[in-house]
Every structure is written in structure tokens, then in C-alpha cells.
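The next block is model-v6.txt, given as compact mmCIF, C-alpha atoms.
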# COMPACT_ATOMS: atom_id res chain seq x y z
CA MET O 1 0.00 0.00 0.00
CA ASP O 2 1.34 3.46 -0.89
CA SER O 3 2.38 5.68 1.98
CA VAL O 4 0.89 9.16 2.06
CA ILE O 5 3.04 12.25 2.56
CA THR O 6 0.98 14.31 4.98
CA ILE O 7 1.15 17.41 7.15
CA SER O 8 -1.47 16.27 9.61
CA LYS O 9 0.83 14.71 12.25
CA ARG O 10 2.83 16.71 14.75
CA GLU O 11 6.08 14.88 14.02
CA SER O 12 5.81 15.66 10.30
CA ILE O 13 5.50 19.45 10.66
CA THR O 14 9.23 20.20 10.36
CA PRO O 15 9.82 17.98 7.30
CA ALA O 16 6.67 19.43 5.76
CA LEU O 17 7.91 22.98 6.29
CA LEU O 18 11.25 22.04 4.75
CA PHE O 19 9.45 20.47 1.83
CA PHE O 20 7.36 23.61 1.28
CA ALA O 21 10.46 25.82 1.50
CA VAL O 22 12.37 23.81 -1.10
CA VAL O 23 9.39 23.56 -3.46
CA LEU O 24 8.63 27.28 -3.18
CA ALA O 25 12.27 28.21 -3.78
CA VAL O 26 12.52 26.10 -6.93
CA TRP O 27 9.16 27.39 -8.12
CA PHE O 28 10.07 31.03 -7.45
CA PHE O 29 13.29 30.92 -9.45
CA LEU O 30 12.08 28.66 -12.28
CA PRO O 31 8.26 28.71 -12.39
CA LEU O 32 7.93 27.25 -15.89
CA ILE O 33 10.49 24.47 -15.50
CA SER O 34 9.08 23.70 -12.05
CA ILE O 35 5.85 22.52 -13.70
CA ILE O 36 7.72 19.41 -14.86
CA LEU O 37 9.28 18.89 -11.44
CA LEU O 38 5.94 19.29 -9.66
CA LEU O 39 4.24 16.82 -11.98
CA VAL O 40 7.03 14.29 -11.35
CA LEU O 41 6.58 14.77 -7.60
CA LEU O 42 2.81 14.28 -7.89
CA TYR O 43 3.28 11.12 -9.95
CA THR O 44 6.00 9.65 -7.74
CA PHE O 45 4.51 10.30 -4.31
CA LYS O 46 1.01 10.17 -2.89
CA PHE O 47 0.53 13.42 -1.00
CA ASP O 48 -1.93 14.56 1.60
CA LYS O 49 -4.84 16.26 -0.21
CA ARG O 50 -3.87 19.71 1.11
CA ILE O 51 -0.29 19.41 -0.13
CA GLU O 52 -1.55 18.13 -3.46
CA THR O 53 -3.92 21.09 -3.81
CA PHE O 54 -1.07 23.46 -2.98
CA LEU O 55 1.05 21.90 -5.75
CA PHE O 56 -1.88 22.24 -8.15
CA LEU O 57 -2.05 25.93 -7.30
CA LEU O 58 1.66 26.42 -7.99
CA ILE O 59 1.35 24.77 -11.40
CA ALA O 60 -1.72 26.89 -12.19
CA ILE O 61 0.08 30.10 -11.17
CA SER O 62 3.07 29.14 -13.35
CA LEU O 63 0.77 28.87 -16.36
CA GLY O 64 -0.93 32.09 -15.28
CA LEU O 65 2.47 33.82 -15.34
CA ILE O 66 2.89 32.87 -18.99
CA ALA O 67 -0.59 34.24 -19.65
CA TYR O 68 0.50 37.46 -17.90
CA THR O 69 2.92 38.12 -20.79
CA THR O 70 0.28 37.73 -23.53
CA LYS O 71 0.36 40.37 -26.24
CA SER O 72 -1.69 40.76 -29.41
CA VAL O 73 0.75 40.71 -32.35
CA GLY O 74 -1.49 40.01 -35.34
CA VAL O 75 -2.76 42.26 -38.09
CA ARG O 76 -6.12 42.27 -36.34
CA ASP O 77 -6.34 42.82 -32.60
CA SER O 78 -6.97 39.62 -30.68
CA ASP O 79 -9.33 39.51 -27.71
CA ILE O 80 -6.50 40.20 -25.27
CA ALA O 81 -6.15 43.72 -26.73
CA ARG O 82 -9.87 44.26 -26.20
CA TYR O 83 -9.63 43.02 -22.62
CA PHE O 84 -6.82 45.52 -22.01
CA ALA O 85 -8.92 48.33 -23.51
CA SER O 86 -11.90 47.36 -21.36
CA TYR O 87 -9.66 47.27 -18.27
CA ARG O 88 -8.42 50.80 -18.94
CA SER O 89 -11.97 51.97 -19.52
CA ILE O 90 -13.06 50.62 -16.14
CA ALA O 91 -9.91 52.04 -14.51
CA SER O 92 -10.91 55.50 -15.72
CA LEU O 93 -14.13 55.39 -13.72
CA GLN O 94 -13.92 57.52 -10.59
CA ASN O 95 -15.87 55.35 -8.17
CA PHE O 96 -18.03 52.28 -7.74
CA LYS O 97 -21.21 54.23 -8.55
CA GLY O 98 -19.87 55.04 -12.00
CA PHE O 99 -18.92 51.39 -12.53
CA PHE O 100 -22.28 50.16 -11.29
CA THR O 101 -24.31 52.45 -13.51
CA GLY O 102 -21.96 52.18 -16.49
CA PHE O 103 -21.35 48.42 -16.53
CA LEU O 104 -23.65 46.44 -14.26
CA LEU O 105 -26.96 48.27 -14.12
CA TRP O 106 -27.53 48.23 -17.88
CA GLY O 107 -27.81 44.49 -18.25
CA ASN O 108 -24.20 43.35 -18.36
CA ASP O 109 -24.27 39.57 -18.60
CA ASN O 110 -20.88 38.88 -16.96
CA PRO O 111 -21.24 40.76 -13.64
CA LEU O 112 -18.72 38.81 -11.56
CA PHE O 113 -15.99 39.06 -14.19
CA TYR O 114 -16.35 42.83 -14.43
CA SER O 115 -16.74 43.28 -10.68
CA ILE O 116 -13.41 41.51 -10.14
CA THR O 117 -11.94 43.61 -12.94
CA PHE O 118 -13.14 46.74 -11.13
CA ILE O 119 -11.38 45.60 -7.94
CA PHE O 120 -8.18 44.99 -9.88
CA THR O 121 -8.35 48.47 -11.40
CA ARG O 122 -8.44 49.96 -7.90
CA VAL O 123 -5.34 47.97 -6.89
CA ALA O 124 -3.37 48.21 -10.15
CA PRO O 125 -5.05 50.78 -12.44
CA GLY O 126 -2.27 50.71 -15.01
CA ASN O 127 -1.73 46.97 -15.26
CA PRO O 128 -4.34 45.12 -17.36
CA GLN O 129 -1.98 42.11 -17.58
CA ILE O 130 -3.36 41.04 -14.22
CA LEU O 131 -6.50 39.85 -16.05
CA PRO O 132 -4.95 37.02 -18.09
CA PHE O 133 -2.78 36.08 -15.10
CA PHE O 134 -5.70 35.79 -12.67
CA TRP O 135 -8.22 34.14 -14.97
CA GLY O 136 -5.63 31.84 -16.52
CA THR O 137 -4.69 30.68 -13.03
CA VAL O 138 -8.35 30.22 -12.08
CA THR O 139 -9.01 28.18 -15.24
CA TYR O 140 -6.14 25.77 -14.70
CA PHE O 141 -6.64 25.45 -10.94
CA PHE O 142 -10.33 24.54 -11.15
CA THR O 143 -9.58 22.18 -14.04
CA PHE O 144 -6.97 20.38 -11.92
CA LEU O 145 -9.46 20.05 -9.05
CA SER O 146 -12.04 18.65 -11.48
CA ILE O 147 -9.56 16.13 -12.88
CA ARG O 148 -8.86 14.81 -9.39
CA LYS O 149 -12.56 14.45 -8.58
CA CYS O 150 -13.40 12.86 -11.92
CA ALA O 151 -10.51 10.37 -11.97
CA LEU O 152 -11.02 9.28 -8.36
CA TYR O 153 -14.74 8.90 -9.06
CA PHE O 154 -13.87 6.00 -11.35
CA SER O 155 -10.66 4.70 -9.73
CA PRO O 156 -10.33 5.81 -6.08
CA GLY O 157 -7.06 3.92 -5.60
CA ASN O 158 -5.34 4.85 -8.85
CA TYR O 159 -4.00 8.35 -8.19
CA LYS O 160 -1.23 8.01 -10.78
CA SER O 161 -3.68 7.81 -13.68
CA TYR O 162 -5.12 11.24 -12.97
CA ILE O 163 -1.67 12.82 -12.72
CA LEU O 164 -1.08 11.54 -16.27
CA ILE O 165 -4.39 13.06 -17.35
CA LEU O 166 -3.45 16.33 -15.66
CA THR O 167 -0.16 16.33 -17.58
CA PHE O 168 -1.82 15.74 -20.92
CA SER O 169 -4.42 18.38 -20.13
CA ILE O 170 -1.62 20.93 -19.80
CA LEU O 171 0.09 19.68 -22.94
CA GLY O 172 -2.91 19.51 -25.19
CA ILE O 173 -6.51 19.02 -24.06
CA ILE O 174 -6.57 22.60 -22.79
CA THR O 175 -5.33 24.79 -25.64
CA PHE O 176 -3.23 27.57 -24.13
CA PHE O 177 -4.01 30.05 -26.89
CA THR O 178 -7.71 29.63 -26.10
CA ILE O 179 -7.13 30.26 -22.39
CA THR O 180 -5.50 33.61 -23.15
CA GLU O 181 -8.03 34.48 -25.84
CA LEU O 182 -11.35 33.58 -24.23
CA LEU O 183 -10.60 34.58 -20.63
CA LYS O 184 -14.18 34.81 -19.43
CA GLN O 185 -15.57 31.76 -21.18
CA THR O 186 -12.73 29.36 -20.35
CA ALA O 187 -12.72 30.39 -16.68
CA SER O 188 -16.49 29.97 -16.58
CA ALA O 189 -16.22 26.54 -18.25
CA ALA O 190 -13.56 25.38 -15.76
CA ILE O 191 -15.67 26.44 -12.76
CA PHE O 192 -18.76 24.86 -14.35
CA GLY O 193 -16.84 21.60 -14.77
CA TYR O 194 -15.92 21.67 -11.08
CA ALA O 195 -19.56 22.32 -10.10
CA LEU O 196 -20.65 19.41 -12.30
CA LEU O 197 -18.16 17.03 -10.66
CA LEU O 198 -19.30 18.13 -7.21
CA LYS O 199 -22.87 17.25 -8.21
CA LEU O 200 -21.89 13.88 -9.67
CA ASN O 201 -19.96 13.08 -6.49
CA LYS O 202 -22.94 14.19 -4.34
CA GLN O 203 -20.85 16.83 -2.60
CA LYS O 204 -21.75 20.21 -1.17
CA HIS O 205 -21.44 23.64 -2.79
CA ALA O 206 -22.16 22.43 -6.34
CA ILE O 207 -24.89 25.03 -6.83
CA PHE O 208 -22.64 27.76 -5.42
CA PHE O 209 -19.93 27.10 -8.03
CA LEU O 210 -22.55 26.72 -10.75
CA VAL O 211 -23.84 30.23 -10.00
CA ILE O 212 -20.26 31.55 -9.94
CA SER O 213 -19.60 30.07 -13.39
CA VAL O 214 -22.70 31.73 -14.85
CA LEU O 215 -21.82 35.09 -13.29
CA VAL O 216 -18.32 34.93 -14.78
CA HIS O 217 -19.68 34.31 -18.29
CA PHE O 218 -23.22 33.73 -19.51
CA SER O 219 -22.16 30.88 -21.86
CA SER O 220 -22.52 28.44 -18.95
CA LEU O 221 -26.26 29.12 -19.03
CA PHE O 222 -26.53 26.97 -22.15
CA LEU O 223 -24.77 24.10 -20.36
CA LEU O 224 -27.34 23.96 -17.55
CA PRO O 225 -29.18 20.95 -19.04
CA ALA O 226 -25.99 18.88 -18.65
CA TYR O 227 -25.81 19.91 -14.99
CA PHE O 228 -29.43 19.45 -13.95
CA LEU O 229 -29.97 16.18 -15.83
CA ALA O 230 -26.60 14.67 -14.87
CA ARG O 231 -28.00 12.30 -12.23
CA SER O 232 -31.32 11.56 -13.90
CA LYS O 233 -32.07 7.83 -14.02
CA ARG O 234 -34.39 8.06 -17.04
CA ALA O 235 -33.00 10.87 -19.20
CA LEU O 236 -30.60 8.58 -21.10
CA ILE O 237 -33.48 6.77 -22.80
CA TYR O 238 -34.62 10.09 -24.32
CA ILE O 239 -31.20 10.90 -25.80
CA PRO O 240 -32.13 9.58 -29.29
CA VAL O 241 -35.09 11.99 -29.37
CA ILE O 242 -33.00 14.88 -28.01
CA GLY O 243 -30.27 14.05 -30.52
CA PHE O 244 -32.75 14.09 -33.41
CA PHE O 245 -34.14 17.51 -32.47
CA SER O 246 -30.58 18.81 -31.96
CA LEU O 247 -29.69 17.62 -35.46
CA VAL O 248 -32.71 19.43 -36.91
CA LEU O 249 -31.84 22.63 -35.01
CA SER O 250 -28.24 22.40 -36.24
CA PHE O 251 -29.45 23.45 -39.70
CA PHE O 252 -30.67 26.78 -38.31
CA ASN O 253 -28.79 29.72 -36.85
CA PHE O 254 -29.27 29.20 -33.13
CA ASN O 255 -28.66 32.88 -32.34
CA GLU O 256 -31.48 33.89 -34.65
CA LEU O 257 -33.85 31.47 -32.93
CA LEU O 258 -32.71 32.58 -29.48
CA GLY O 259 -33.00 36.25 -30.45
CA GLN O 260 -36.59 35.69 -31.56
CA VAL O 261 -37.46 34.08 -28.22
CA ILE O 262 -35.81 36.84 -26.16
CA SER O 263 -37.45 39.55 -28.29
CA PHE O 264 -40.84 38.50 -26.89
CA PHE O 265 -39.63 39.78 -23.50
CA THR O 266 -37.14 42.54 -24.35
CA ARG O 267 -35.20 44.06 -27.21
CA THR O 268 -32.63 45.74 -24.98
CA GLY O 269 -29.83 44.62 -22.71
CA ASN O 270 -26.30 43.39 -23.24
CA LEU O 271 -27.28 39.75 -23.73
CA TYR O 272 -29.84 40.52 -26.45
CA ASN O 273 -27.47 42.92 -28.22
CA ARG O 274 -24.63 40.40 -28.11
CA ILE O 275 -26.81 37.66 -29.58
CA GLN O 276 -27.79 40.02 -32.39
CA THR O 277 -24.14 40.94 -33.01
CA TYR O 278 -23.07 37.31 -33.39
CA THR O 279 -26.04 36.24 -35.50
CA ASN O 280 -24.31 37.03 -38.82
CA TYR O 281 -22.10 33.95 -38.86
CA GLU O 282 -21.06 34.53 -42.47
CA THR O 283 -18.52 37.11 -41.29
CA TRP O 284 -16.61 34.42 -39.35
CA THR O 285 -14.16 31.89 -40.71
CA LEU O 286 -14.40 28.25 -39.64
CA SER O 287 -11.28 26.12 -40.06
CA LEU O 288 -11.12 22.35 -40.34
CA ARG O 289 -9.52 22.16 -36.86
CA PHE O 290 -12.81 22.94 -35.12
CA TYR O 291 -14.65 20.24 -37.05
CA ALA O 292 -11.81 17.86 -36.16
CA ASP O 293 -12.30 18.60 -32.44
CA PHE O 294 -16.05 18.13 -32.88
CA ALA O 295 -15.56 14.82 -34.69
CA MET O 296 -13.05 13.55 -32.11
CA TYR O 297 -15.48 14.25 -29.29
CA PHE O 298 -18.23 12.42 -31.20
CA LEU O 299 -16.01 9.37 -31.81
CA VAL O 300 -15.00 9.22 -28.14
CA ILE O 301 -18.68 9.33 -27.11
CA VAL O 302 -19.40 6.44 -29.50
CA LEU O 303 -16.68 4.44 -27.74
CA LEU O 304 -18.21 5.32 -24.38
CA TYR O 305 -21.63 4.09 -25.53
CA ALA O 306 -20.12 0.80 -26.72
CA ASP O 307 -18.41 0.34 -23.36
CA TYR O 308 -21.59 1.19 -21.47
CA PHE O 309 -23.78 -1.33 -23.29
CA PHE O 310 -21.24 -4.14 -22.77
CA GLU O 311 -20.67 -3.31 -19.09
CA THR O 312 -21.86 -6.16 -16.85
CA ASN O 313 -21.02 -4.70 -13.43
CA GLU O 314 -24.17 -2.86 -12.36
CA GLN O 315 -22.36 -0.57 -9.92
CA LEU O 316 -19.89 0.55 -12.61
CA LYS O 317 -22.70 0.82 -15.14
CA ASN O 318 -24.57 3.24 -12.87
CA LYS O 319 -21.43 5.36 -12.51
CA LYS O 320 -20.81 5.37 -16.24
CA ARG O 321 -24.44 6.15 -17.08
CA GLN O 322 -24.22 9.56 -15.43
CA PHE O 323 -21.09 10.49 -17.39
CA LEU O 324 -22.53 9.15 -20.62
CA LEU O 325 -25.63 11.26 -20.09
CA VAL O 326 -23.54 14.39 -19.43
CA HIS O 327 -21.51 13.87 -22.60
CA SER O 328 -24.59 13.12 -24.69
CA ILE O 329 -26.29 16.35 -23.63
CA ALA O 330 -23.07 18.35 -24.00
CA PHE O 331 -22.62 17.03 -27.54
CA CYS O 332 -26.21 17.94 -28.41
CA ILE O 333 -25.53 21.50 -27.22
CA LEU O 334 -22.52 21.63 -29.55
CA LEU O 335 -24.59 20.22 -32.39
CA ILE O 336 -27.32 22.84 -31.92
CA ASN O 337 -24.70 25.58 -32.29
CA ARG O 338 -23.11 24.08 -35.41
CA ASN O 339 -24.70 26.54 -37.82
CA ASN O 340 -23.53 29.65 -35.99
CA VAL O 341 -19.78 29.85 -36.47
CA HIS O 342 -19.16 32.21 -33.56
CA ASN O 343 -20.94 29.97 -31.06
CA PHE O 344 -19.51 26.78 -32.55
CA ILE O 345 -15.90 28.00 -32.38
CA ARG O 346 -16.22 29.25 -28.82
CA TYR O 347 -17.93 26.17 -27.47
CA VAL O 348 -15.66 23.71 -29.28
CA SER O 349 -12.64 25.65 -27.99
CA GLY O 350 -13.99 25.96 -24.45
CA TYR O 351 -15.28 22.40 -24.04
CA PHE O 352 -12.07 21.12 -22.45
CA PRO O 353 -13.80 20.09 -19.16
CA PHE O 354 -15.96 17.67 -21.17
CA TYR O 355 -13.02 16.46 -23.27
CA ILE O 356 -11.05 15.75 -20.10
CA MET O 357 -13.96 13.90 -18.51
CA ALA O 358 -14.31 11.81 -21.67
CA VAL O 359 -10.59 10.92 -21.65
CA ILE O 360 -10.83 9.90 -17.98
CA TYR O 361 -13.75 7.66 -18.91
CA LEU O 362 -11.56 6.15 -21.66
CA PHE O 363 -9.01 5.19 -19.00
CA ASN O 364 -11.73 3.00 -17.50
CA ILE O 365 -13.35 1.29 -20.50
CA ARG O 366 -13.42 -2.51 -20.27
CA ILE O 367 -11.31 -3.67 -23.19
CA ALA O 368 -7.90 -5.32 -23.49
CA LYS O 369 -5.16 -3.17 -21.99
CA ASN O 370 -3.18 -2.90 -25.24
CA GLU O 371 -6.27 -1.74 -27.13
CA ARG O 372 -7.13 0.79 -24.43
CA VAL O 373 -3.57 2.16 -24.44
CA LEU O 374 -3.65 2.48 -28.24
CA ILE O 375 -6.95 4.38 -28.18
CA LEU O 376 -5.68 6.70 -25.45
CA LEU O 377 -2.45 7.36 -27.34
CA LEU O 378 -4.36 8.26 -30.50
CA VAL O 379 -6.79 10.56 -28.68
CA LEU O 380 -4.15 12.26 -26.54
CA SER O 381 -1.79 12.66 -29.51
CA PHE O 382 -4.58 14.40 -31.38
CA TYR O 383 -5.07 16.93 -28.58
CA VAL O 384 -1.36 17.56 -28.03
CA TYR O 385 -0.81 18.06 -31.76
CA SER O 386 -3.81 20.42 -31.96
CA ASN O 387 -2.51 22.54 -29.09
CA PHE O 388 1.01 22.98 -30.43
CA LYS O 389 -0.23 23.39 -34.00
CA LEU O 390 -2.51 26.20 -32.84
CA LEU O 391 0.33 27.86 -30.92
CA ALA O 392 2.60 27.55 -33.97
CA VAL O 393 0.01 29.26 -36.18
CA GLU O 394 -1.43 31.80 -33.72
CA ALA O 395 1.81 32.93 -32.05
CA VAL O 396 3.52 34.33 -35.15
CA PRO O 397 3.93 38.13 -35.14
CA GLY O 398 2.39 39.66 -38.24
CA ALA O 399 -0.10 36.84 -38.78
CA ASP O 400 -3.70 37.82 -39.31
CA TYR O 401 -4.67 36.96 -35.72
CA ALA O 402 -2.00 36.12 -33.15
CA ASN O 403 -0.73 36.43 -29.59
CA SER O 404 2.85 36.28 -28.32
CA TYR O 405 4.06 35.19 -24.89
CA MET O 406 7.01 37.11 -23.44
CA ASN O 407 7.68 38.13 -27.06
CA ASN O 408 8.03 34.40 -27.86
CA ASP O 409 11.48 34.34 -26.28
CA ILE O 410 11.77 30.68 -25.25
CA GLN O 411 14.95 31.27 -23.25
CA LYS O 412 13.30 33.99 -21.16
CA LEU O 413 10.17 31.92 -20.66
CA LEU O 414 12.27 29.06 -19.28
CA SER O 415 14.80 31.03 -17.25
CA SER O 416 12.77 33.94 -15.81
CA ASN O 417 11.84 33.93 -12.14
CA VAL O 418 8.51 35.07 -10.73
CA VAL O 419 9.63 38.70 -10.27
CA GLN O 420 10.94 38.85 -13.86
CA TYR O 421 7.61 37.56 -15.13
CA PHE O 422 5.72 40.27 -13.25
CA ASN O 423 8.20 42.90 -14.44
CA PHE O 424 7.46 42.05 -18.07
CA LYS O 425 5.41 44.87 -19.59
CA VAL O 426 3.16 44.58 -22.61
CA THR O 427 3.47 47.81 -24.60
CA GLY O 428 1.64 49.29 -27.54
CA GLN O 429 -1.81 47.96 -26.61
Rewritten as C-alpha cells:
Amino acid sequence: MDSVITISKRESITPALLFFAVVLAVWFFLPLISIILLLVLLYTFKFDKRIETFLFLLIAISLGLIAYTTKSVGVRDSDIARYFASYRSIASLQNFKGFFTGFLLWGNDNPLFYSITFIFTRVAPGNPQILPFFWGTVTYFFTFLSIRKCALYFSPGNYKSYILILTFSILGIITFFTITELLKQTASAAIFGYALLLKLNKQKHAIFFLVISVLVHFSSLFLLPAYFLARSKRALIYIPVIGFFSLVLSFFNFNELLGQVISFFTRTGNLYNRIQTYTNYETWTLSLRFYADFAMYFLVIVLLYADYFFETNEQLKNKKRQFLLVHSIAFCILLINRNNVHNFIRYVSGYFPFYIMAVIYLFNIRIAKNERVLILLLVLSFYVYSNFKLLAVEAVPGADYANSYMNNDIQKLLSSNVVQYFNFKVTGQ
């Protein structure tokens, strides 16, 4: 039986403090390289849950530091430039009353995101880089917590498997460019994923984190069916019907349909105006990569269905049914948005909590070990390739739409300490 490295016993306090001091020192001087070291530690030793969570936070902050150096370098401004402009606009407000009347009172649909932004502007009015740092850290941290809950849901004794999943999530399942591009939506998706895992594990505070995710970005509203039906014992039998109607709706522009429904109640407000803005999907470009992600998710779900129907252990089948239902509903939501390029791109890009949950399920399908390993290698290779391919295309200065990270100086990214990261200034935006 594996021994657990803990800080709960009196005699282990001094070694624990020494451990923390060494880890923090290495992390402070080499935050990016320390990600590898921390993952090796997590894989090699079984830590007390509090130590493990602390290590998760350090890894998340390291990735947040890279996000801190994000700069729009394309011909067209990327979203990070617009976030910086919005930050400066909020910073120019004289007091909370001006912020409340100017941003929240008039129907802003992301109140928590902008409220936190307002707080940041009071602390650091001239530093919008704090936004990608904070929300990037939040996204990764809640994703890591979700991975632990999801993996241990299936295999309580196999902690090493979820460290592998965590590693591959960093390398590929979570696309780093997307994290720094869709700050609000990816953070909201990560918190939603955590709320969903709390519900599936019958733990407290699930509703609290669900509300937080919706307040960060309204896109989580459309994922609510996956949350509220997750533990339904009968909903799975209606999936063929739901899938058929989703397929029919996929031939229509979902934003147009939604705009028509909302117009019965109001034709004002930020949410209605935003839906109208993104209705004209012909102005957006859809690359093959997004359809590839969509197709991969579909193929993985097909594998999950095959495993579910051949499962003979009733206890495992009940566990798997809930996850299969979540993925079925989540895929139908993607399908409904297929004919609006804006929605489709954003949801496909921000669906990493569902992709990760599906991969964890794949670790537990009942087939020969060699076949399972082959399937996992193919799926994980696809995600890793997609991530680095996207970075290679979207991190080139002068491209149509691109971001750089510490001016794409690999040596500085690897060798800079925490202070040097925070001293890096994005100029010209």
C-alpha cells in the first residue's frame, strides 16, 4: 500500500515545512520548468490532499504567469487587446457608482468578471496584464481540481492515472491560446466543470460554483441541461429523441432562434445585443480544426456508448451512465450551435472540461489493456498536436490573428523567475 506524505501529524510538521520551502524556492526561481518537477513529484509520491492542492495551485500560477505576458501581435487585434482596452476603460471610472451604472446596471451579462476587474483596477489601475494572469490561473486550478474528482470517481485507488491526465491536459486538451483568448468563457467553463463534478460526487457547494460560473460568463447558461440532468435515471433513454431535435436545429442559426425568443420579453440589454451581433455567422471563418475537435469528441462518445452497453457490473454501469448522459447532452448543445460559427468556435474551444472527462472515462473502459492504451495514445496525440499546432500558427507576429508570450522568447520563458515575469510589460496595446 502506498504511503501518504501528509502534514497532519505533529512529528511531520518540520519535514513538511522544509518540503514547502524547497518547493517554493525552486518554483520562485524557475516557475515554468518547475511545472515538470511538480508533476514528477505528484506522480511519484502520494501526498496529503492539502499538499496536493497546494502543488496544483503552484502549477496553475506558473501557467498564469505565462498568460501574464500575452500580447496581441497580429494584423487584427486579438481579444487580449480588447480586454486591455476594457480594463483601462473601467480604470478611468472615478468610483463604484460610476462602474455600477456604467457596466452592471444596464444588463451586463458577466457581472462577476467585471466586478473583479473593477477591484483589480483599484489595486493596479495601469496593469491590465493582471486579467490574463488571474483568470488563466483560475481556469487551470479549477480544471486540476475537477480532474482529481473525476478520476477518483472511477478509480479511487489509482491516483497516478489522474496525474497523467493532468499532464496531458496541460500539454494539449486545454489549448493555451484559447485560455488567453477567451478569458471569461474558459474560466467559466472550468468552474462549471468543477460544479458538475461536485454534483456527480454528491458533494456540497455544487450550486454555489454553478452560480459563480454563470456570473463569470453567460455561456454556462446553455450548459445547464448537462448539470441538472446529470443524475437523472431516465433521461438517457430520451437521448435519441433529443439528438434528433438537436440535429434538426443544427441546420438553423441558433442565435437567430434565441434572439426571436428573447425579443418577446425585451429588445434591450447586453445579452440581447450580443446575440444580435453574433447572428451574422457569415462574417466568421471556420477552419477544419474545429470540425476535427467536434468529430473527435463524437467518436469518443461512440466508444463510451459501446463500453456502457457491454458493461456487466451494475455498480460501474450506474457510474458510467451519469457520465454518458452528461456527454450526450453536452454534444447535443454543440450540435445545436453548429450553424452559428461564432458559437460553434467558442464552445468547441472551451469544451475542455468535457473532453477531459471523456478521456478519464476512456481510461476506465473494459477492453484489453493494449487496445485501451492504443486508443488513449491516439486521442491524446490528437489533442497535443492540436494545441502545439494552434500555438505555432497563432503565435507568429504579423499573422492575421496572433498572440505572443514574453515576445516568444523561449529562453526567457524558461529562465525567468517570478519577479521577472511580473516585471514584463506589454506595450503598444
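Across the model, the gap from atom CA of O:Gly136 to atom CA of O:Ala21 is 24.9 Å.
For the choices O:Leu145, O:Leu42, O:Leu93, O:Leu37, the atom-to-atom distance to O:Leu57 is smallest for O:Leu145 when using only C-alpha atoms.
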Considering all atoms listed in the file, tabulate each residue of stretch 122-185 of chain O that lies at most 12 Å from stretch 405-422 of chain O along with its nearest interatomic pair and the corresponding distance in Å to one decimal; arrange the rows by chain and ascending residue number and present them as CSV.
residue,atom,partner,partner_atom,distance
O:Asn127,CA,O:Phe422,CA,10.2
O:Pro128,CA,O:Phe422,CA,11.9
O:Gln129,CA,O:Phe422,CA,9.0
O:Ile130,CA,O:Phe422,CA,9.2
O:Pro132,CA,O:Tyr405,CA,11.4
O:Phe133,CA,O:Phe422,CA,9.7
O:Phe176,CA,O:Tyr405,CA,10.6
O:Phe177,CA,O:Tyr405,CA,9.8
O:Thr180,CA,O:Tyr405,CA,9.8
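The gap separating atom CA of O:Glu181 from atom CA of O:Phe382 is 21.1 Å, in Å to one decimal.
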Problem - Residue nearest O:Leu39 among O:Ile119, O:Val22, O:Ile163, O:Ile61 (counting all atoms listed in the file) - result: O:Ile163
Problem - Neighbour list for O:Ile336 as a ChimeraX atom specification, cut-off 10 Å, only C-alpha atoms, skip fewer than 5 positions in-chain - result: /O:243,245-254,331,343-344
Residue subset to file, keeping C-alpha atoms, as an mmCIF file, in the frame of the given file:
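Written out: selection39.cif:
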data_model
loop_
_atom_site.group_PDB
_atom_site.id
_atom_site.type_symbol
_atom_site.label_atom_id
_atom_site.label_comp_id
_atom_site.auth_asym_id
_atom_site.auth_seq_id
_atom_site.Cartn_x
_atom_site.Cartn_y
_atom_site.Cartn_z
ATOM 1 C CA GLY O 243 -30.270 14.050 -30.520
ATOM 2 C CA PHE O 245 -34.140 17.510 -32.470
ATOM 3 C CA SER O 246 -30.580 18.810 -31.960
ATOM 4 C CA LEU O 247 -29.690 17.620 -35.460
ATOM 5 C CA VAL O 248 -32.710 19.430 -36.910
ATOM 6 C CA LEU O 249 -31.840 22.630 -35.010
ATOM 7 C CA SER O 250 -28.240 22.400 -36.240
ATOM 8 C CA PHE O 251 -29.450 23.450 -39.700
ATOM 9 C CA PHE O 252 -30.670 26.780 -38.310
ATOM 10 C CA ASN O 253 -28.790 29.720 -36.850
ATOM 11 C CA PHE O 254 -29.270 29.200 -33.130
ATOM 12 C CA PHE O 331 -22.620 17.030 -27.540
ATOM 13 C CA ASN O 343 -20.940 29.970 -31.060
ATOM 14 C CA PHE O 344 -19.510 26.780 -32.550
#
Exercise for the section: Pick out the residues sitting within 10 Å of O:Ser86, and hand them over as a PyMOL selection string; count only C-alpha atoms, and ignore anything fewer than 5 positions along from it in its own chain. Expected result: chain O and resi 80-81+91-92+114+117+128
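Reported to one decimal place, the separation of atom CA of O:Ser34 from atom CA of O:Ile147 is 20.1 Å.
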Problem - Answer as a ChimeraX atom specification, residues within 9 Å of (-16.0, 32.1, -14.1) using all atoms listed in the file - result: /O:110,112-113,135,138-139,183-192,209,212-217,220
Handout entry: Residue neighbourhood O:Ala330, 9 Å, all atoms listed in the file, exclusion window fewer than 4 positions, as a ChimeraX atom specification
Key = /O:223,225-226,325-326,334-335,351,354
